[in-house]
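Next comes coords_28.txt, with compact mmCIF, C-alpha atoms.
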```txt
# COMPACT_ATOMS: atom_id res chain seq x y z
CA MET D 1 -2.31 -11.49 -40.37
CA LEU D 2 -0.89 -8.19 -41.43
CA LEU D 3 -0.35 -7.92 -45.12
CA SER D 4 1.04 -4.73 -46.48
CA GLU D 5 0.63 -3.64 -50.04
CA TYR D 6 4.34 -4.04 -50.61
CA GLU D 7 4.12 -7.64 -49.66
CA ARG D 8 1.04 -8.28 -51.67
CA ILE D 9 2.68 -7.11 -54.84
CA GLY D 10 5.91 -8.87 -54.08
CA ARG D 11 4.57 -12.38 -53.93
CA PHE D 12 1.94 -14.66 -55.35
CA LEU D 13 -1.54 -13.97 -54.18
CA ASP D 14 -2.53 -16.50 -51.62
CA PRO D 15 -6.10 -17.33 -52.63
CA TRP D 16 -7.17 -18.32 -49.13
CA ARG D 17 -5.89 -15.16 -47.63
CA GLU D 18 -7.45 -13.12 -50.37
CA PHE D 19 -10.70 -14.93 -49.79
CA GLU D 20 -10.59 -14.23 -46.10
CA ARG D 21 -9.78 -10.59 -46.69
CA LEU D 22 -12.64 -10.24 -49.18
CA ASN D 23 -15.02 -12.02 -46.92
CA ARG D 24 -14.14 -9.68 -44.11
CA ALA D 25 -14.49 -6.65 -46.33
CA LEU D 26 -17.85 -7.75 -47.67
CA THR D 27 -19.51 -8.71 -44.44
CA GLY D 28 -18.18 -5.56 -42.83
CA ALA D 29 -18.03 -7.60 -39.72
CA SER D 30 -16.03 -6.31 -36.85
CA LEU D 31 -15.66 -9.85 -35.87
CA PRO D 32 -12.87 -11.20 -34.15
CA SER D 33 -11.70 -14.68 -34.18
CA GLY D 34 -8.96 -14.77 -31.57
CA ARG D 35 -6.27 -14.35 -34.15
CA ASP D 36 -7.63 -11.07 -35.34
CA PHE D 37 -8.02 -9.44 -32.00
CA PRO D 38 -7.36 -6.62 -31.62
CA PRO D 39 -7.76 -5.31 -35.17
CA ILE D 40 -4.99 -3.03 -36.39
CA ASN D 41 -4.90 -0.24 -38.94
CA LEU D 42 -1.53 0.91 -40.23
CA TRP D 43 -0.99 4.36 -41.69
CA THR D 44 2.24 5.18 -43.46
CA GLY D 45 3.78 8.57 -44.00
CA PRO D 46 7.14 9.93 -45.12
CA GLU D 47 8.58 10.39 -41.61
CA SER D 48 6.62 7.92 -39.55
CA SER D 49 3.99 5.24 -39.44
CA ILE D 50 0.97 5.27 -37.21
CA VAL D 51 -0.64 2.12 -35.86
CA THR D 52 -4.15 2.33 -34.46
CA VAL D 53 -5.58 -0.59 -32.53
CA GLU D 54 -9.12 -1.09 -31.25
CA ILE D 55 -8.84 -2.22 -27.64
CA PRO D 56 -12.19 -1.45 -26.03
CA GLY D 57 -12.39 -2.19 -22.34
CA ILE D 58 -8.67 -2.69 -21.88
CA GLU D 59 -6.91 -0.46 -19.38
CA PRO D 60 -3.72 1.21 -20.69
CA GLU D 61 -1.71 -0.47 -17.90
CA ALA D 62 -2.70 -3.87 -19.24
CA VAL D 63 -1.08 -3.27 -22.62
CA ASP D 64 2.60 -3.94 -23.21
CA ILE D 65 4.24 -2.28 -26.21
CA GLN D 66 7.72 -3.19 -27.39
CA VAL D 67 9.81 -1.97 -30.29
CA VAL D 68 12.87 -3.83 -31.54
CA GLY D 69 14.52 -2.82 -34.81
CA ASN D 70 11.71 -2.63 -37.33
CA THR D 71 9.22 -4.65 -35.32
CA LEU D 72 6.43 -3.53 -33.04
CA THR D 73 4.87 -5.99 -30.61
CA ILE D 74 1.68 -5.33 -28.71
CA LYS D 75 0.65 -7.65 -25.90
CA GLY D 76 -2.28 -7.59 -23.59
CA GLY D 77 -5.48 -9.24 -22.59
CA ARG D 78 -9.04 -8.80 -21.65
CA ALA D 79 -10.42 -11.00 -18.93
CA ALA D 80 -13.76 -12.66 -19.26
CA ARG D 81 -16.17 -11.51 -16.63
CA GLU D 82 -16.64 -13.80 -13.71
CA LEU D 83 -20.25 -14.69 -13.34
CA LYS D 84 -22.00 -14.42 -10.05
CA GLU D 85 -24.24 -17.25 -9.05
CA SER D 86 -27.47 -15.74 -10.24
CA GLU D 87 -26.07 -14.44 -13.53
CA ALA D 88 -26.37 -16.08 -16.93
CA TYR D 89 -25.37 -15.08 -20.44
CA HIS D 90 -28.01 -14.46 -23.10
CA ARG D 91 -25.40 -13.48 -25.64
CA ARG D 92 -21.69 -13.65 -25.50
CA GLU D 93 -20.05 -12.11 -28.52
CA ARG D 94 -17.30 -9.98 -27.01
CA TRP D 95 -13.82 -11.30 -27.28
CA ALA D 96 -11.86 -12.30 -24.20
CA GLY D 97 -8.40 -13.72 -23.71
CA GLN D 98 -4.74 -12.87 -24.21
CA PHE D 99 -3.34 -11.47 -27.41
CA VAL D 100 0.00 -10.76 -29.08
CA ARG D 101 0.15 -8.81 -32.31
CA THR D 102 3.33 -8.10 -34.23
CA VAL D 103 3.80 -5.53 -36.95
CA GLN D 104 6.91 -5.43 -39.08
CA LEU D 105 7.67 -2.16 -40.85
CA PRO D 106 9.82 -1.78 -43.95
CA TYR D 107 12.26 0.43 -41.98
CA ASP D 108 13.88 0.69 -38.56
CA ILE D 109 11.97 2.50 -35.84
CA GLU D 110 13.47 5.29 -33.69
CA SER D 111 12.52 3.51 -30.49
CA GLU D 112 13.27 6.53 -28.26
CA LYS D 113 10.64 8.60 -30.00
CA VAL D 114 7.80 6.12 -30.12
CA GLU D 115 4.63 7.54 -28.64
CA ALA D 116 1.50 5.72 -27.57
CA ARG D 117 -1.82 7.00 -26.29
CA VAL D 118 -5.25 5.57 -25.65
CA SER D 119 -8.49 7.38 -26.19
CA LYS D 120 -12.01 5.94 -26.11
CA GLY D 121 -10.73 2.40 -26.46
CA VAL D 122 -8.48 3.14 -29.42
CA LEU D 123 -4.72 2.82 -29.01
CA THR D 124 -2.60 5.02 -31.28
CA ILE D 125 1.12 4.35 -31.61
CA THR D 126 3.36 6.70 -33.58
CA LEU D 127 6.50 5.05 -34.95
CA PRO D 128 9.04 7.52 -36.34
CA ARG D 129 11.54 6.29 -38.87
CA ALA D 130 15.10 6.06 -37.54
CA GLU D 131 17.32 8.94 -38.69
CA ALA D 132 20.02 6.56 -39.82
CA ASP D 133 17.53 4.70 -41.94
CA LYS D 134 16.03 7.68 -43.77
CA PRO D 135 16.77 8.00 -47.45
CA LYS D 136 19.55 10.46 -48.19
CA LYS D 137 19.60 12.75 -51.12
CA ILE D 138 22.86 12.48 -52.98
CA ALA D 139 24.21 15.66 -54.49
CA ILE D 140 25.71 15.26 -57.92
CA LYS D 141 28.93 17.08 -58.45
CA THR D 142 29.83 18.54 -61.78
CA VAL D 143 33.36 17.90 -62.77
CA MET H 1 -28.42 -10.07 -37.14
CA GLU H 2 -31.10 -12.35 -38.55
CA SER H 3 -32.57 -13.12 -35.22
CA GLU H 4 -32.71 -9.46 -34.29
CA LYS H 5 -34.63 -8.64 -37.41
CA LYS H 6 -37.02 -11.38 -36.61
CA GLU H 7 -37.53 -10.17 -33.08
CA ILE H 8 -38.29 -6.71 -34.29
CA SER H 9 -40.80 -7.79 -36.86
CA VAL H 10 -42.48 -10.09 -34.40
CA GLN H 11 -42.94 -7.13 -32.10
CA GLY H 12 -44.46 -5.14 -34.93
CA ALA H 13 -41.91 -2.35 -34.64
CA GLU H 14 -41.11 -0.26 -37.65
CA VAL H 15 -38.10 -1.02 -39.76
CA PRO H 16 -35.34 1.38 -38.71
CA ALA H 17 -35.04 4.24 -41.17
CA GLU H 18 -31.83 4.92 -43.00
CA ARG H 19 -29.45 7.51 -41.62
CA THR H 20 -28.90 10.64 -43.66
CA ARG H 21 -25.17 10.70 -43.02
CA PRO H 22 -23.34 8.63 -45.60
CA ARG H 23 -21.40 6.53 -43.16
CA ARG H 24 -20.75 2.91 -42.65
CA ILE H 25 -22.65 1.40 -39.80
CA TYR H 26 -21.15 -1.40 -37.81
CA THR H 27 -22.84 -3.76 -35.44
CA PRO H 28 -21.08 -3.67 -32.10
CA THR H 29 -20.42 -7.01 -30.45
CA VAL H 30 -22.35 -7.38 -27.23
CA ASP H 31 -22.59 -9.47 -24.12
CA ILE H 32 -25.96 -9.70 -22.48
CA LEU H 33 -26.17 -10.92 -18.92
CA GLU H 34 -29.19 -11.54 -16.84
CA SER H 35 -29.29 -11.70 -13.08
CA GLU H 36 -32.14 -11.77 -10.62
CA ASP H 37 -32.79 -8.08 -10.54
CA ARG H 38 -31.42 -6.76 -13.82
CA ILE H 39 -30.26 -7.31 -17.37
CA GLU H 40 -26.91 -5.92 -18.37
CA VAL H 41 -25.77 -5.16 -21.93
CA LEU H 42 -22.08 -4.60 -22.68
CA ALA H 43 -21.19 -3.32 -26.15
CA ASP H 44 -17.72 -2.86 -27.63
CA MET H 45 -17.73 0.51 -29.34
CA PRO H 46 -14.17 1.77 -29.70
CA GLY H 47 -14.04 5.46 -30.66
CA VAL H 48 -17.22 6.32 -28.80
CA ASP H 49 -17.50 8.36 -25.59
CA GLU H 50 -20.38 9.63 -23.47
CA ALA H 51 -20.94 12.58 -25.79
CA SER H 52 -21.21 10.56 -28.95
CA VAL H 53 -23.39 7.68 -27.87
CA GLU H 54 -27.13 7.86 -28.11
CA LEU H 55 -29.59 5.52 -26.45
CA THR H 56 -33.22 5.71 -27.39
CA LEU H 57 -36.15 3.69 -26.24
CA GLU H 58 -39.18 3.77 -28.43
CA LYS H 59 -42.09 1.51 -27.63
CA ASN H 60 -40.10 -1.52 -26.64
CA VAL H 61 -37.13 -1.15 -28.97
CA LEU H 62 -33.88 -0.02 -27.41
CA THR H 63 -31.55 1.54 -29.97
CA ILE H 64 -27.85 1.98 -29.37
CA TYR H 65 -26.22 4.44 -31.71
CA GLY H 66 -22.63 5.59 -31.49
CA LYS H 67 -21.10 8.26 -33.64
CA VAL H 68 -17.40 7.94 -34.41
CA GLU H 69 -15.34 10.88 -35.54
CA ALA H 70 -12.75 9.53 -37.94
CA ASP H 71 -9.32 10.49 -36.68
CA ILE H 72 -7.28 10.37 -39.88
CA PRO H 73 -3.60 11.17 -39.40
CA GLU H 74 -2.34 13.95 -41.65
CA ASN H 75 0.11 13.14 -44.43
CA HIS H 76 -0.48 9.47 -43.89
CA ARG H 77 -1.95 6.86 -46.12
CA LEU H 78 -3.82 3.78 -44.94
CA ALA H 79 -1.60 0.83 -45.82
CA VAL H 80 -3.19 -2.00 -43.88
CA SER H 81 -6.73 -2.01 -42.63
CA GLU H 82 -8.21 -4.65 -40.39
CA TYR H 83 -11.08 -2.59 -39.08
CA GLY H 84 -13.26 0.02 -40.66
CA ILE H 85 -14.17 3.33 -39.16
CA GLY H 86 -17.84 4.10 -38.96
CA ASP H 87 -20.76 4.49 -36.65
CA TYR H 88 -22.31 1.79 -34.52
CA GLN H 89 -25.90 0.80 -34.36
CA ARG H 90 -27.81 -2.05 -32.84
CA GLN H 91 -31.33 -2.59 -31.63
CA PHE H 92 -32.85 -4.86 -29.04
CA VAL H 93 -36.40 -5.55 -28.11
CA LEU H 94 -37.08 -5.19 -24.40
CA SER H 95 -39.56 -7.30 -22.61
CA ASN H 96 -42.12 -5.73 -20.33
CA GLU H 97 -40.23 -6.76 -17.28
CA VAL H 98 -37.69 -3.94 -17.66
CA ASP H 99 -38.26 -0.87 -15.54
CA ARG H 100 -37.90 1.80 -18.20
CA GLU H 101 -37.53 4.67 -15.76
CA ARG H 102 -34.40 3.31 -14.15
CA ILE H 103 -32.26 2.36 -17.15
CA GLU H 104 -28.66 3.50 -16.67
CA ALA H 105 -25.71 3.59 -19.07
CA VAL H 106 -21.99 4.18 -18.69
CA VAL H 107 -19.22 4.39 -21.30
CA ARG H 108 -15.67 3.56 -20.32
CA ASN H 109 -12.68 2.88 -22.58
CA GLY H 110 -14.96 2.43 -25.56
CA VAL H 111 -17.27 -0.08 -23.87
CA LEU H 112 -20.89 0.85 -23.33
CA CYS H 113 -22.56 -0.73 -20.33
CA ILE H 114 -26.34 -0.51 -20.05
CA ARG H 115 -28.12 -1.63 -16.91
CA LEU H 116 -31.75 -2.50 -17.28
CA PRO H 117 -33.30 -3.11 -13.89
CA LYS H 118 -36.27 -5.42 -13.74
CA ALA H 119 -39.53 -3.88 -12.70
CA GLU H 120 -40.97 -4.72 -9.33
CA ILE H 121 -43.85 -6.40 -11.06
CA ALA H 122 -41.55 -8.84 -12.76
CA LYS H 123 -39.96 -9.88 -9.51
CA THR H 124 -41.75 -12.65 -7.73
CA ARG H 125 -44.58 -11.33 -5.69
CA LYS H 126 -46.53 -12.99 -2.99
CA ILE H 127 -50.24 -12.29 -2.96
CA ALA H 128 -51.95 -12.29 0.34
CA VAL H 129 -55.23 -14.15 0.46
CA ARG H 130 -57.79 -12.87 2.87
CA ALA H 131 -60.66 -14.78 4.32
CA GLY H 132 -63.97 -13.73 2.80
CA ALA H 133 -66.48 -12.11 5.08
```

Let me see the file written as structure tokens.
Amino acid sequence: MLLSEYERIGRFLDPWREFERLNRALTGASLPSGRDFPPINLWTGPESSIVTVEIPGIEPEAVDIQVVGNTLTIKGGRAARELKESEAYHRRERWAGQFVRTVQLPYDIESEKVEARVSKGVLTITLPRAEADKPKKIAIKTV
Amino acid sequence: MESEKKEISVQGAEVPAERTRPRRIYTPTVDILESEDRIEVLADMPGVDEASVELTLEKNVLTIYGKVEADIPENHRLAVSEYGIGDYQRQFVLSNEVDRERIEAVVRNGVLCIRLPKAEIAKTRKIAVRAGA
């Protein structure tokens, strides 16, 4: 669940969510229940936002990125390995399955200028703010 | 984590020393598969490539260590954080059946794959019995 600071201030604190967030922060676990995979970090700047997503072992072709208005949707999946007859798991902690993650920004995205790249299993998406949506400075005339 | 600690102490290995770099250390999630002739370890380590991963084998403890260079965008502030950026470390105790000379590792798309072939000795061997003179 993405929860921006704006939102957090704007509404009552949901104790369960807070608890979950704290728990995650304290255990430092990189540990994905299906809902949290893949984990997302969101960086905001004056002209753009940058979303980084940890997608180890996922080929770039297997990721689908869509931008509509102020919303970014990332879809993809990581297949579980098919076991051969003689193979058996000792541990199985890595996540597998299909995912959809949606991020809503507080402004419209210039969809033509969105850039995405993958390096070492980390997906980085740059989302520039739409020109029409940028704040305008109003000149004050003296009469 | 608990079970790993236990395994290590059982084996009498030393407690891993602290790193000097003040970084967070994360435990990568792993899959461990065993087949007839080898054991395979797959570890999710996003942000790590072949130059920044270190595998060491001391006595019978295999240590995986991955260094992550934080890629912080300029003029940007972290607004939502679901994962932390830091190094990865995890240790496993190998049994004697692993052939230490032939261990191989590959990193691809942030996933480390270590192949630990079983030693000939560990594979089933038939012993010929001769007639005594």

Contacts of Val107 in chain H within 6 Å, only C-alpha atoms, excl. fewer than 2 positions in-chain, as an MDAnalysis selection string: chainID H and resid 50 111:112

Residues at most 10 Å from Val114 in chain D, counting only C-alpha atoms, excluding those fewer than 2 positions away in the same chain, as an NGL selection string? :D and (48 or 50 or 65-67 or 109-112 or 116 or 125-129)

Using only C-alpha atoms for the distances, tell me which of H:Gln89, H:Asn96, H:Ser52, H:Thr27 is nearest to chain D.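 Nearest to chain D: H:Thr27.
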
Would you mind listing, for every residue of chain H within 9 Å of chain D, the two atoms forming the shortest contact and the distance between them in Å to one decimal, using only C-alpha atoms, sorted by chain and ascending residue number, as a tab-separated table?
```
residue	atom	partner	partner_atom	distance
H:Arg24	CA	D:Gly28	CA	8.9
H:Ile25	CA	D:Gly28	CA	8.8
H:Tyr26	CA	D:Ser30	CA	7.2
H:Thr27	CA	D:Ser30	CA	7.4
H:Pro28	CA	D:Ser30	CA	7.4
H:Thr29	CA	D:Glu93	CA	5.5
H:Val30	CA	D:Glu93	CA	5.4
H:Asp31	CA	D:Arg92	CA	4.5
H:Ile32	CA	D:Arg91	CA	5.0
H:Leu33	CA	D:Tyr89	CA	4.5
H:Glu34	CA	D:Ala88	CA	5.3
H:Ser35	CA	D:Glu87	CA	4.3
H:Glu36	CA	D:Ser86	CA	6.1
H:Leu42	CA	D:Arg94	CA	8.4
H:Ala43	CA	D:Arg94	CA	7.8
H:Asp44	CA	D:Pro56	CA	5.9
H:Met45	CA	D:Pro56	CA	6.7
H:Pro46	CA	D:Gly121	CA	4.8
H:Gly47	CA	D:Lys120	CA	5.0
H:Val48	CA	D:Lys120	CA	5.9
H:Asp49	CA	D:Lys120	CA	6.0
H:Ile72	CA	D:Trp43	CA	8.9
H:Pro73	CA	D:Trp43	CA	7.6
H:Glu74	CA	D:Gly45	CA	8.5
H:Asn75	CA	D:Gly45	CA	5.9
H:His76	CA	D:Gly45	CA	4.4
H:Arg77	CA	D:Trp43	CA	5.2
H:Leu78	CA	D:Trp43	CA	4.3
H:Ala79	CA	D:Trp43	CA	5.5
H:Val80	CA	D:Leu42	CA	5.0
H:Ser81	CA	D:Asn41	CA	4.5
H:Glu82	CA	D:Pro39	CA	5.3
H:Tyr83	CA	D:Pro39	CA	5.8
H:Gly84	CA	D:Gly28	CA	7.7
H:Val107	CA	D:Lys120	CA	8.8
H:Arg108	CA	D:Gly57	CA	6.9
H:Asn109	CA	D:Gly121	CA	4.4
H:Gly110	CA	D:Gly121	CA	4.3
H:Val111	CA	D:Gly57	CA	5.5
```

What gap, in Å, lies between CA of Pro117 in chain H and CA of Glu58 in chain H? 17.1 Å

Separation of CA of Arg19 in chain H from CA of Gly86 in chain H in Å: 12.4 Å

So that I can check the surroundings of Tyr107 in chain D, please list as an mmCIF file with C-alpha atoms, keeping the file's coordinate frame every protein, DNA and RNA residue that reaches within 9 Å of it, counting only C-alpha atoms and ignoring chain neighbours fewer than 2 positions away.
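Result written to selection22.cif:
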```cif
data_model
loop_
_atom_site.group_PDB
_atom_site.id
_atom_site.type_symbol
_atom_site.label_atom_id
_atom_site.label_comp_id
_atom_site.auth_asym_id
_atom_site.auth_seq_id
_atom_site.Cartn_x
_atom_site.Cartn_y
_atom_site.Cartn_z
ATOM 1 C CA GLY D 69 14.520 -2.820 -34.810
ATOM 2 C CA ASN D 70 11.710 -2.630 -37.330
ATOM 3 C CA THR D 71 9.220 -4.650 -35.320
ATOM 4 C CA GLN D 104 6.910 -5.430 -39.080
ATOM 5 C CA LEU D 105 7.670 -2.160 -40.850
ATOM 6 C CA ILE D 109 11.970 2.500 -35.840
ATOM 7 C CA ARG D 129 11.540 6.290 -38.870
ATOM 8 C CA ALA D 130 15.100 6.060 -37.540
ATOM 9 C CA ASP D 133 17.530 4.700 -41.940
ATOM 10 C CA LYS D 134 16.030 7.680 -43.770
#
```

Residues within 6 Å of Gly66 in chain H, please, as a PyMOL selection string. Count all atoms listed in the file; anything in the same chain fewer than 2 positions from it doesn't count. chain H and resi 52-53+87-88

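Between CA of Thr20 in chain H and CA of Phe92 in chain H the interatomic distance comes to 21.7 Å.
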
For Asp64 in chain D, find every residue with an atom within 10 Å (counting all atoms listed in the file), except residues of its own chain fewer than 2 positions away, and show them as a ChimeraX atom specification. /D:60-62,66,73-77,100

Could I get range 37-53 of chain D rebuilt with N, CA, C and O atoms, written as a PDB file, in the frame of the given file?
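Now in rebuild_14.pdb:
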```pdb
ATOM      1  N   PHE D  37      -7.800 -10.428 -33.042  1.00  0.00           N
ATOM      2  CA  PHE D  37      -8.020  -9.440 -32.000  1.00  0.00           C
ATOM      3  C   PHE D  37      -6.696  -8.997 -31.417  1.00  0.00           C
ATOM      4  O   PHE D  37      -5.867  -9.831 -31.110  1.00  0.00           O
ATOM      5  N   PRO D  38      -6.491  -7.727 -31.205  1.00  0.00           N
ATOM      6  CA  PRO D  38      -7.360  -6.620 -31.620  1.00  0.00           C
ATOM      7  C   PRO D  38      -7.049  -6.223 -33.062  1.00  0.00           C
ATOM      8  O   PRO D  38      -5.912  -6.392 -33.492  1.00  0.00           O
ATOM      9  N   PRO D  39      -8.039  -5.714 -33.791  1.00  0.00           N
ATOM     10  CA  PRO D  39      -7.760  -5.310 -35.170  1.00  0.00           C
ATOM     11  C   PRO D  39      -6.864  -4.076 -35.227  1.00  0.00           C
ATOM     12  O   PRO D  39      -6.956  -3.189 -34.398  1.00  0.00           O
ATOM     13  N   ILE D  40      -6.004  -4.076 -36.241  1.00  0.00           N
ATOM     14  CA  ILE D  40      -4.990  -3.030 -36.390  1.00  0.00           C
ATOM     15  C   ILE D  40      -5.164  -2.298 -37.718  1.00  0.00           C
ATOM     16  O   ILE D  40      -5.429  -2.933 -38.739  1.00  0.00           O
ATOM     17  N   ASN D  41      -5.017  -1.003 -37.698  1.00  0.00           N
ATOM     18  CA  ASN D  41      -4.900  -0.240 -38.940  1.00  0.00           C
ATOM     19  C   ASN D  41      -3.499   0.364 -38.955  1.00  0.00           C
ATOM     20  O   ASN D  41      -3.008   0.815 -37.927  1.00  0.00           O
ATOM     21  N   LEU D  42      -2.880   0.357 -40.128  1.00  0.00           N
ATOM     22  CA  LEU D  42      -1.530   0.910 -40.230  1.00  0.00           C
ATOM     23  C   LEU D  42      -1.526   2.041 -41.257  1.00  0.00           C
ATOM     24  O   LEU D  42      -1.963   1.867 -42.394  1.00  0.00           O
ATOM     25  N   TRP D  43      -1.066   3.195 -40.810  1.00  0.00           N
ATOM     26  CA  TRP D  43      -0.990   4.360 -41.690  1.00  0.00           C
ATOM     27  C   TRP D  43       0.481   4.652 -41.945  1.00  0.00           C
ATOM     28  O   TRP D  43       1.272   4.675 -41.006  1.00  0.00           O
ATOM     29  N   THR D  44       0.848   4.867 -43.192  1.00  0.00           N
ATOM     30  CA  THR D  44       2.240   5.180 -43.460  1.00  0.00           C
ATOM     31  C   THR D  44       2.387   6.595 -43.982  1.00  0.00           C
ATOM     32  O   THR D  44       1.539   7.098 -44.703  1.00  0.00           O
ATOM     33  N   GLY D  45       3.482   7.218 -43.549  1.00  0.00           N
ATOM     34  CA  GLY D  45       3.780   8.570 -44.000  1.00  0.00           C
ATOM     35  C   GLY D  45       5.262   8.656 -44.288  1.00  0.00           C
ATOM     36  O   GLY D  45       5.989   7.683 -44.064  1.00  0.00           O
ATOM     37  N   PRO D  46       5.729   9.800 -44.752  1.00  0.00           N
ATOM     38  CA  PRO D  46       7.140   9.930 -45.120  1.00  0.00           C
ATOM     39  C   PRO D  46       8.091   9.811 -43.919  1.00  0.00           C
ATOM     40  O   PRO D  46       9.188   9.266 -44.037  1.00  0.00           O
ATOM     41  N   GLU D  47       7.682  10.343 -42.760  1.00  0.00           N
ATOM     42  CA  GLU D  47       8.580  10.390 -41.610  1.00  0.00           C
ATOM     43  C   GLU D  47       8.260   9.340 -40.551  1.00  0.00           C
ATOM     44  O   GLU D  47       9.060   9.062 -39.682  1.00  0.00           O
ATOM     45  N   SER D  48       7.030   8.848 -40.601  1.00  0.00           N
ATOM     46  CA  SER D  48       6.620   7.920 -39.550  1.00  0.00           C
ATOM     47  C   SER D  48       5.457   7.057 -40.007  1.00  0.00           C
ATOM     48  O   SER D  48       4.860   7.315 -41.047  1.00  0.00           O
ATOM     49  N   SER D  49       5.191   6.044 -39.217  1.00  0.00           N
ATOM     50  CA  SER D  49       3.990   5.240 -39.440  1.00  0.00           C
ATOM     51  C   SER D  49       3.141   5.346 -38.184  1.00  0.00           C
ATOM     52  O   SER D  49       3.662   5.565 -37.090  1.00  0.00           O
ATOM     53  N   ILE D  50       1.855   5.210 -38.358  1.00  0.00           N
ATOM     54  CA  ILE D  50       0.970   5.270 -37.210  1.00  0.00           C
ATOM     55  C   ILE D  50       0.137   3.985 -37.191  1.00  0.00           C
ATOM     56  O   ILE D  50      -0.416   3.580 -38.201  1.00  0.00           O
ATOM     57  N   VAL D  51       0.145   3.345 -36.023  1.00  0.00           N
ATOM     58  CA  VAL D  51      -0.640   2.120 -35.860  1.00  0.00           C
ATOM     59  C   VAL D  51      -1.799   2.459 -34.942  1.00  0.00           C
ATOM     60  O   VAL D  51      -1.595   3.023 -33.873  1.00  0.00           O
ATOM     61  N   THR D  52      -3.007   2.151 -35.362  1.00  0.00           N
ATOM     62  CA  THR D  52      -4.150   2.330 -34.460  1.00  0.00           C
ATOM     63  C   THR D  52      -4.756   0.954 -34.198  1.00  0.00           C
ATOM     64  O   THR D  52      -4.857   0.135 -35.102  1.00  0.00           O
ATOM     65  N   VAL D  53      -5.099   0.719 -32.940  1.00  0.00           N
ATOM     66  CA  VAL D  53      -5.580  -0.590 -32.530  1.00  0.00           C
ATOM     67  C   VAL D  53      -6.860  -0.403 -31.718  1.00  0.00           C
ATOM     68  O   VAL D  53      -6.909   0.432 -30.818  1.00  0.00           O
TER      69      VAL D  53
END
```
